file my_file-v5.cif (mmCIF, C-alpha atoms)
data_protein
#
loop_
_atom_site.label_atom_id
_atom_site.label_comp_id
_atom_site.auth_asym_id
_atom_site.auth_seq_id
_atom_site.Cartn_x
_atom_site.Cartn_y
_atom_site.Cartn_z
CA MET E 1 93.44 117.55 78.70
CA SER E 2 90.10 116.93 77.06
CA GLY E 3 86.89 117.99 78.73
CA TRP E 4 83.75 115.93 79.18
CA SER E 5 80.15 116.40 80.25
CA THR E 6 78.88 112.81 80.26
CA TYR E 7 80.81 109.66 80.92
CA LYS E 8 80.16 105.91 81.03
CA GLY E 9 82.57 103.42 82.52
CA ARG E 10 83.01 100.48 84.86
CA ALA E 11 82.82 101.20 88.57
CA VAL E 12 84.83 99.54 91.32
CA ALA E 13 84.53 99.91 95.09
CA LEU E 14 87.44 100.57 97.41
CA PRO E 15 85.75 100.24 100.83
CA LEU E 16 88.46 102.03 102.79
CA GLU E 17 88.29 105.31 104.69
CA ASN E 18 91.06 107.90 105.01
CA VAL E 19 92.99 106.78 101.94
CA ASP E 20 95.75 109.37 101.94
CA THR E 21 97.93 110.68 99.16
CA ASP E 22 100.93 108.63 100.34
CA GLN E 23 98.83 105.49 99.93
CA LEU E 24 97.64 106.62 96.51
CA ILE E 25 101.26 106.99 95.39
CA PRO E 26 104.08 106.27 97.82
CA ALA E 27 106.72 109.02 97.76
CA ARG E 28 109.50 106.73 96.57
CA PHE E 29 107.84 106.48 93.14
CA MET E 30 107.59 110.21 92.55
CA SER E 31 111.13 110.44 91.20
CA ALA E 32 109.95 108.64 88.05
CA PRO E 33 109.27 110.98 85.11
CA ARG E 34 105.59 111.80 84.72
CA SER E 35 105.93 111.12 81.00
CA GLU E 36 106.31 107.42 81.86
CA GLY E 37 102.96 107.46 83.67
CA TYR E 38 102.15 106.95 87.34
CA GLY E 39 99.26 104.52 86.89
CA GLY E 40 101.36 101.49 87.78
CA PHE E 41 102.16 103.01 91.17
CA LEU E 42 98.52 103.61 92.16
CA LEU E 43 97.90 102.19 95.65
CA HIS E 44 101.08 100.14 95.19
CA ASP E 45 101.68 99.09 98.78
CA LEU E 46 98.05 98.19 99.48
CA ARG E 47 97.86 96.15 96.28
CA GLU E 48 101.13 94.38 96.95
CA ASP E 49 99.83 93.05 100.26
CA ASP E 50 96.41 91.88 98.97
CA ALA E 51 96.09 89.35 96.17
CA ALA E 52 92.34 90.06 95.97
CA PHE E 53 92.66 93.85 95.87
CA PRO E 54 89.47 95.39 94.39
CA LEU E 55 91.19 97.31 91.60
CA ASP E 56 92.89 94.12 90.44
CA ARG E 57 89.55 92.24 90.37
CA VAL E 58 87.95 94.78 88.04
CA PRO E 59 90.42 95.55 85.26
CA GLY E 60 89.52 98.56 83.19
CA ALA E 61 87.56 100.26 85.97
CA THR E 62 87.40 104.03 85.52
CA VAL E 63 85.04 105.12 88.32
CA LEU E 64 86.15 104.57 91.92
CA VAL E 65 83.68 104.43 94.82
CA ALA E 66 85.60 104.97 98.05
CA GLY E 67 85.24 105.74 101.75
CA ARG E 68 85.19 109.11 103.49
CA ASN E 69 88.14 111.51 103.59
CA PHE E 70 89.58 110.23 100.32
CA GLY E 71 92.82 111.93 99.30
CA CYS E 72 93.62 113.31 102.74
CA GLY E 73 97.22 113.94 103.80
CA SER E 74 99.88 115.83 101.91
CA SER E 75 99.14 118.03 98.92
CA ARG E 76 100.98 115.89 96.36
CA GLU E 77 99.39 116.28 92.96
CA ALA E 78 101.05 113.01 91.94
CA ALA E 79 98.24 111.20 93.79
CA VAL E 80 95.83 112.53 91.18
CA TYR E 81 98.30 111.75 88.38
CA ALA E 82 98.35 108.11 89.53
CA LEU E 83 94.55 107.87 89.35
CA VAL E 84 94.31 109.63 85.98
CA ASP E 85 97.20 107.65 84.50
CA ALA E 86 95.49 104.43 85.66
CA GLY E 87 92.43 105.48 83.64
CA PHE E 88 90.12 106.85 86.34
CA ARG E 89 87.77 109.70 85.42
CA ALA E 90 85.85 110.00 88.71
CA VAL E 91 86.12 109.22 92.40
CA ILE E 92 82.91 109.07 94.42
CA ALA E 93 83.19 109.35 98.21
CA PRO E 94 81.40 110.96 101.16
CA SER E 95 84.24 113.50 101.55
CA PHE E 96 87.64 114.44 100.14
CA GLY E 97 90.83 116.13 101.20
CA ASP E 98 90.41 119.74 100.03
CA ILE E 99 93.68 120.02 98.14
CA PHE E 100 93.21 116.60 96.56
CA ALA E 101 89.77 117.65 95.24
CA SER E 102 91.16 120.85 93.70
CA ASN E 103 94.06 118.97 92.13
CA ALA E 104 91.60 116.38 90.80
CA VAL E 105 89.50 118.95 88.97
CA ASN E 106 92.60 120.61 87.50
CA ASN E 107 93.53 117.24 85.99
CA GLY E 108 90.09 116.27 84.66
CA LEU E 109 89.17 113.90 87.51
CA LEU E 110 85.73 114.37 89.09
CA PRO E 111 85.67 114.29 92.92
CA ALA E 112 81.96 113.67 93.52
CA ALA E 113 80.86 113.90 97.15
CA LEU E 114 77.71 111.93 97.92
CA PRO E 115 76.04 111.01 101.21
CA ALA E 116 77.67 108.14 103.09
CA GLU E 117 74.54 105.98 102.85
CA VAL E 118 74.55 106.26 99.03
CA VAL E 119 78.24 105.38 98.86
CA THR E 120 77.60 102.40 101.16
CA GLN E 121 74.76 101.16 98.92
CA TRP E 122 76.94 101.39 95.83
CA THR E 123 79.88 99.77 97.61
CA GLN E 124 77.68 96.81 98.51
CA ALA E 125 76.30 96.57 94.96
CA LEU E 126 79.82 96.64 93.53
CA GLY E 127 81.08 93.99 95.91
CA SER E 128 79.61 91.13 93.90
CA ALA E 129 80.24 92.20 90.31
CA PRO E 130 81.38 95.18 88.25
CA GLN E 131 78.64 97.63 87.33
CA GLU E 132 78.36 100.34 84.74
CA ALA E 133 78.50 103.92 85.98
CA HIS E 134 76.98 106.85 84.12
CA ILE E 135 77.92 110.41 85.09
CA ASP E 136 76.21 113.55 83.80
CA LEU E 137 77.98 116.75 84.85
CA ASP E 138 75.34 119.06 83.36
CA ALA E 139 72.47 117.36 85.18
CA GLY E 140 74.52 116.63 88.31
CA ARG E 141 73.56 112.94 88.38
CA ILE E 142 75.41 109.67 88.81
CA THR E 143 73.91 106.24 88.12
CA ILE E 144 75.52 103.04 89.37
CA ALA E 145 73.88 99.62 89.61
CA GLY E 146 70.62 101.08 88.32
CA LYS E 147 70.36 103.67 91.10
CA THR E 148 70.63 107.37 90.29
CA HIS E 149 71.62 110.05 92.79
CA PRO E 150 72.20 113.78 92.36
CA PHE E 151 75.44 115.41 93.36
CA THR E 152 76.47 119.02 93.84
CA LEU E 153 79.53 120.44 92.15
CA ASP E 154 80.93 123.94 92.34
CA ALA E 155 80.00 125.82 89.16
CA THR E 156 83.62 126.73 88.41
CA TRP E 157 84.72 123.11 88.87
CA ARG E 158 81.94 121.97 86.52
CA LEU E 159 83.08 124.52 83.92
CA LYS E 160 86.69 123.37 84.22
CA LEU E 161 85.81 119.68 83.85
CA ILE E 162 83.49 120.21 80.89
CA ASN E 163 86.05 122.35 79.05
CA GLY E 164 89.15 120.42 80.12
CA TRP E 165 90.60 123.50 81.80
CA ASP E 166 93.01 123.99 84.65
CA ASP E 167 93.41 127.29 86.54
CA ILE E 168 95.53 128.86 83.77
CA ASP E 169 92.97 127.95 81.10
CA LEU E 170 90.19 129.38 83.27
CA THR E 171 92.09 132.67 83.59
CA ALA E 172 92.86 132.72 79.85
CA SER E 173 89.15 132.36 79.10
CA GLN E 174 88.72 135.82 80.63
CA SER E 175 91.48 137.45 78.56
CA ALA E 176 89.14 139.93 76.82
CA ALA E 177 87.79 141.16 80.18
CA ILE E 178 91.32 141.34 81.59
CA ASP E 179 92.53 143.37 78.59
CA ALA E 180 89.53 145.72 78.86
CA PHE E 181 90.16 146.24 82.57
CA ALA E 182 93.84 146.98 81.95
CA ALA E 183 93.00 149.48 79.20
CA ASP E 184 90.47 151.23 81.43
CA ARG E 185 92.96 151.45 84.30
CA ARG E 186 95.64 152.79 81.96
CA ASP E 187 93.25 155.52 80.73
CA SER E 188 91.93 156.37 84.20
CA TYR E 189 95.30 156.32 86.01
CA PRO E 190 98.01 157.08 83.44
CA TRP E 191 100.37 158.26 86.17
CA ALA E 192 100.40 154.74 87.66
CA TRP E 193 101.68 153.09 84.44
CA PRO E 194 105.35 152.92 83.47
CA THR E 195 106.46 154.92 80.46
CA THR E 196 107.89 153.02 77.54
#

call {"tool": "encode", "arguments": {"input": "my_file-v5.cif", "output": "structure tokens"}}
result
Amino acid sequence: MSGWSTYKGRAVALPLENVDTDQLIPARFMSAPRSEGYGGFLLHDLREDDAAFPLDRVPGATVLVAGRNFGCGSSREAAVYALVDAGFRAVIAPSFGDIFASNAVNNGLLPAALPAEVVTQWTQALGSAPQEAHIDLDAGRITIAGKTHPFTLDATWRLKLINGWDDIDLTASQSAAIDAFAADRRDSYPWAWPTT
């Protein structure tokens, strides 16, 4: 996964609250191999029932502006796979399911929490026509429809997104410190180490 610090793309609004992981990718599609991509399954059932579904009106959108409690429900990481495989790099909402947000970061997808009134403004602006979104992770700013708002992101999440790291990569980045700690423990407590 490649990291990023700034991003420009087309934004689309999904003015729904409590979009859960089963809506993001219904369980019946999760038997498909990931190598084939999950993007075609994204919000399948909602899209099937709505000929004017927002994501279908803005092809090529890569920034999603959604309602509160996005990604709630079960912990299925496939919900994030579906968004990433469909080309999304960021989801902006007033709040997220905790596990969804962690899974998002580990897969290079920004879960940016902004105040509900900001999300509502952007949702209204995106209702009439697609707009360009600009995201700056270093500065902690997002601009959509000419309006810029700051957002807060955990420092570790920012580091992971910028470097394209998941939890294993983050741990590996500390390998020198881990090796030094192990060597010190081995010297200080030789009786606690197995003999070879």

call {"tool": "atom_distance", "arguments": {"input": "my_file-v5.cif", "atom1": "atom CA of E:Asn106", "atom2": "atom CA of E:Trp4"}}
result
13.0 Å

call {"tool": "closest_atom_pairs", "arguments": {"input": "my_file-v5.cif", "of": "stretch 10-115 of chain E", "to": "stretch 138-153 of chain E", "cutoff": "10 Å", "atoms": "only C-alpha atoms", "output": "CSV"}}
result
residue,atom,partner,partner_atom,distance
E:Arg10,CA,E:Ile144,CA,9.1
E:Ala11,CA,E:Ile144,CA,7.6
E:Val63,CA,E:Ile144,CA,9.8
E:Val65,CA,E:Ile144,CA,9.9
E:Ile92,CA,E:Ile142,CA,9.4
E:Leu110,CA,E:Leu153,CA,9.2
E:Pro111,CA,E:Leu153,CA,8.7
E:Ala112,CA,E:Phe151,CA,6.8
E:Ala113,CA,E:Phe151,CA,6.8
E:Leu114,CA,E:Phe151,CA,6.2
E:Pro115,CA,E:Phe151,CA,9.0

call {"tool": "resolve_selection", "arguments": {"input": "my_file-v5.cif", "expression": "the PyMOL selection byres ((chain E and resi 125) around 12)", "output": "number ranges by chain"}}
result
E: 11-13, 15, 65, 118-124, 126-133, 144-147

call {"tool": "residues_around", "arguments": {"input": "my_file-v5.cif", "residues": "E:Gly71", "least_positions_apart": "2", "cutoff": "8 Å", "atoms": "only C-alpha atoms", "output": "list in words"}}
result
Asn18, Val19, Asp20, Thr21, Leu24, Asn69, Gly73, Ala79, Phe96, Gly97, Phe100 and Ala101 of chain E

call {"tool": "closest_residue", "arguments": {"input": "my_file-v5.cif", "among": "E:Leu137, E:Arg185, E:Leu42, E:Gly37", "to": "E:Ala155", "atoms": "only C-alpha atoms"}}
result
E:Leu137

call {"tool": "closest_residue", "arguments": {"input": "my_file-v5.cif", "among": "E:Ser95, E:Ser173, E:Ala116, E:Phe88", "to": "E:Pro59", "atoms": "only C-alpha atoms"}}
result
E:Phe88

call {"tool": "atom_distance", "arguments": {"input": "my_file-v5.cif", "atom1": "atom CA of E:Val58", "atom2": "atom CA of E:Ala104"}}
result
22.1 Å

call {"tool": "decode", "arguments": {"input": "my_file-v5.cif", "residues": "stretch 11-33 of chain E", "atoms": "N, CA, C and O atoms", "output": "PDB file, in the first residue's frame"}}
result
ATOM      1  N   ALA E  11     -15.386  14.584  -4.891  1.00  0.00           N
ATOM      2  CA  ALA E  11     -16.164  14.235  -3.704  1.00  0.00           C
ATOM      3  C   ALA E  11     -17.609  13.937  -4.079  1.00  0.00           C
ATOM      4  O   ALA E  11     -18.155  14.529  -5.015  1.00  0.00           O
ATOM      5  N   VAL E  12     -18.208  13.017  -3.341  1.00  0.00           N
ATOM      6  CA  VAL E  12     -19.617  12.680  -3.511  1.00  0.00           C
ATOM      7  C   VAL E  12     -20.237  12.567  -2.123  1.00  0.00           C
ATOM      8  O   VAL E  12     -19.583  12.139  -1.174  1.00  0.00           O
ATOM      9  N   ALA E  13     -21.498  12.961  -2.011  1.00  0.00           N
ATOM     10  CA  ALA E  13     -22.196  12.890  -0.726  1.00  0.00           C
ATOM     11  C   ALA E  13     -23.092  11.660  -0.682  1.00  0.00           C
ATOM     12  O   ALA E  13     -23.765  11.327  -1.660  1.00  0.00           O
ATOM     13  N   LEU E  14     -23.076  10.998   0.450  1.00  0.00           N
ATOM     14  CA  LEU E  14     -23.991   9.904   0.745  1.00  0.00           C
ATOM     15  C   LEU E  14     -24.742  10.323   2.008  1.00  0.00           C
ATOM     16  O   LEU E  14     -24.298  10.051   3.118  1.00  0.00           O
ATOM     17  N   PRO E  15     -25.858  11.043   1.864  1.00  0.00           N
ATOM     18  CA  PRO E  15     -26.529  11.634   3.034  1.00  0.00           C
ATOM     19  C   PRO E  15     -27.356  10.619   3.824  1.00  0.00           C
ATOM     20  O   PRO E  15     -28.558  10.755   3.984  1.00  0.00           O
ATOM     21  N   LEU E  16     -26.667   9.605   4.329  1.00  0.00           N
ATOM     22  CA  LEU E  16     -27.315   8.577   5.145  1.00  0.00           C
ATOM     23  C   LEU E  16     -26.559   8.430   6.452  1.00  0.00           C
ATOM     24  O   LEU E  16     -25.323   8.482   6.468  1.00  0.00           O
ATOM     25  N   GLU E  17     -27.281   8.212   7.528  1.00  0.00           N
ATOM     26  CA  GLU E  17     -26.654   7.952   8.826  1.00  0.00           C
ATOM     27  C   GLU E  17     -26.666   6.457   9.102  1.00  0.00           C
ATOM     28  O   GLU E  17     -27.466   5.710   8.542  1.00  0.00           O
ATOM     29  N   ASN E  18     -25.763   6.039   9.977  1.00  0.00           N
ATOM     30  CA  ASN E  18     -25.699   4.650  10.437  1.00  0.00           C
ATOM     31  C   ASN E  18     -25.520   3.645   9.303  1.00  0.00           C
ATOM     32  O   ASN E  18     -26.109   2.565   9.309  1.00  0.00           O
ATOM     33  N   VAL E  19     -24.697   4.003   8.318  1.00  0.00           N
ATOM     34  CA  VAL E  19     -24.379   3.040   7.264  1.00  0.00           C
ATOM     35  C   VAL E  19     -23.454   1.998   7.881  1.00  0.00           C
ATOM     36  O   VAL E  19     -22.334   2.305   8.280  1.00  0.00           O
ATOM     37  N   ASP E  20     -23.961   0.771   7.988  1.00  0.00           N
ATOM     38  CA  ASP E  20     -23.176  -0.256   8.682  1.00  0.00           C
ATOM     39  C   ASP E  20     -22.354  -1.085   7.708  1.00  0.00           C
ATOM     40  O   ASP E  20     -22.477  -0.966   6.488  1.00  0.00           O
ATOM     41  N   THR E  21     -21.500  -1.929   8.271  1.00  0.00           N
ATOM     42  CA  THR E  21     -20.575  -2.694   7.439  1.00  0.00           C
ATOM     43  C   THR E  21     -21.306  -3.717   6.571  1.00  0.00           C
ATOM     44  O   THR E  21     -20.813  -4.073   5.501  1.00  0.00           O
ATOM     45  N   ASP E  22     -22.473  -4.184   6.983  1.00  0.00           N
ATOM     46  CA  ASP E  22     -23.235  -5.111   6.152  1.00  0.00           C
ATOM     47  C   ASP E  22     -23.842  -4.389   4.950  1.00  0.00           C
ATOM     48  O   ASP E  22     -24.037  -4.989   3.896  1.00  0.00           O
ATOM     49  N   GLN E  23     -24.131  -3.103   5.101  1.00  0.00           N
ATOM     50  CA  GLN E  23     -24.584  -2.325   3.954  1.00  0.00           C
ATOM     51  C   GLN E  23     -23.409  -2.014   3.023  1.00  0.00           C
ATOM     52  O   GLN E  23     -23.569  -2.023   1.800  1.00  0.00           O
ATOM     53  N   LEU E  24     -22.255  -1.739   3.602  1.00  0.00           N
ATOM     54  CA  LEU E  24     -21.083  -1.440   2.778  1.00  0.00           C
ATOM     55  C   LEU E  24     -20.703  -2.625   1.896  1.00  0.00           C
ATOM     56  O   LEU E  24     -20.369  -2.448   0.730  1.00  0.00           O
ATOM     57  N   ILE E  25     -20.752  -3.833   2.463  1.00  0.00           N
ATOM     58  CA  ILE E  25     -20.568  -5.044   1.662  1.00  0.00           C
ATOM     59  C   ILE E  25     -21.391  -6.161   2.289  1.00  0.00           C
ATOM     60  O   ILE E  25     -21.050  -6.660   3.360  1.00  0.00           O
ATOM     61  N   PRO E  26     -22.497  -6.527   1.669  1.00  0.00           N
ATOM     62  CA  PRO E  26     -23.309  -7.615   2.207  1.00  0.00           C
ATOM     63  C   PRO E  26     -22.488  -8.908   2.327  1.00  0.00           C
ATOM     64  O   PRO E  26     -21.649  -9.205   1.475  1.00  0.00           O
ATOM     65  N   ALA E  27     -22.745  -9.655   3.390  1.00  0.00           N
ATOM     66  CA  ALA E  27     -21.935 -10.832   3.716  1.00  0.00           C
ATOM     67  C   ALA E  27     -21.870 -11.850   2.589  1.00  0.00           C
ATOM     68  O   ALA E  27     -20.860 -12.531   2.425  1.00  0.00           O
ATOM     69  N   ARG E  28     -22.907 -11.953   1.792  1.00  0.00           N
ATOM     70  CA  ARG E  28     -22.918 -12.982   0.753  1.00  0.00           C
ATOM     71  C   ARG E  28     -21.829 -12.781  -0.307  1.00  0.00           C
ATOM     72  O   ARG E  28     -21.502 -13.706  -1.043  1.00  0.00           O
ATOM     73  N   PHE E  29     -21.256 -11.577  -0.381  1.00  0.00           N
ATOM     74  CA  PHE E  29     -20.212 -11.319  -1.369  1.00  0.00           C
ATOM     75  C   PHE E  29     -18.806 -11.584  -0.833  1.00  0.00           C
ATOM     76  O   PHE E  29     -17.841 -11.547  -1.587  1.00  0.00           O
ATOM     77  N   MET E  30     -18.694 -11.839   0.460  1.00  0.00           N
ATOM     78  CA  MET E  30     -17.366 -11.969   1.049  1.00  0.00           C
ATOM     79  C   MET E  30     -16.701 -13.309   0.759  1.00  0.00           C
ATOM     80  O   MET E  30     -15.549 -13.520   1.129  1.00  0.00           O
ATOM     81  N   SER E  31     -17.388 -14.209   0.076  1.00  0.00           N
ATOM     82  CA  SER E  31     -16.752 -15.465  -0.310  1.00  0.00           C
ATOM     83  C   SER E  31     -15.933 -15.291  -1.596  1.00  0.00           C
ATOM     84  O   SER E  31     -15.145 -16.156  -1.953  1.00  0.00           O
ATOM     85  N   ALA E  32     -16.108 -14.167  -2.265  1.00  0.00           N
ATOM     86  CA  ALA E  32     -15.315 -13.889  -3.473  1.00  0.00           C
ATOM     87  C   ALA E  32     -13.870 -13.631  -3.061  1.00  0.00           C
ATOM     88  O   ALA E  32     -13.610 -13.027  -2.021  1.00  0.00           O
ATOM     89  N   PRO E  33     -12.903 -14.061  -3.876  1.00  0.00           N
ATOM     90  CA  PRO E  33     -11.498 -13.796  -3.539  1.00  0.00           C
ATOM     91  C   PRO E  33     -11.212 -12.293  -3.544  1.00  0.00           C
ATOM     92  O   PRO E  33     -11.664 -11.583  -4.433  1.00  0.00           O
TER      93      PRO E  33
END
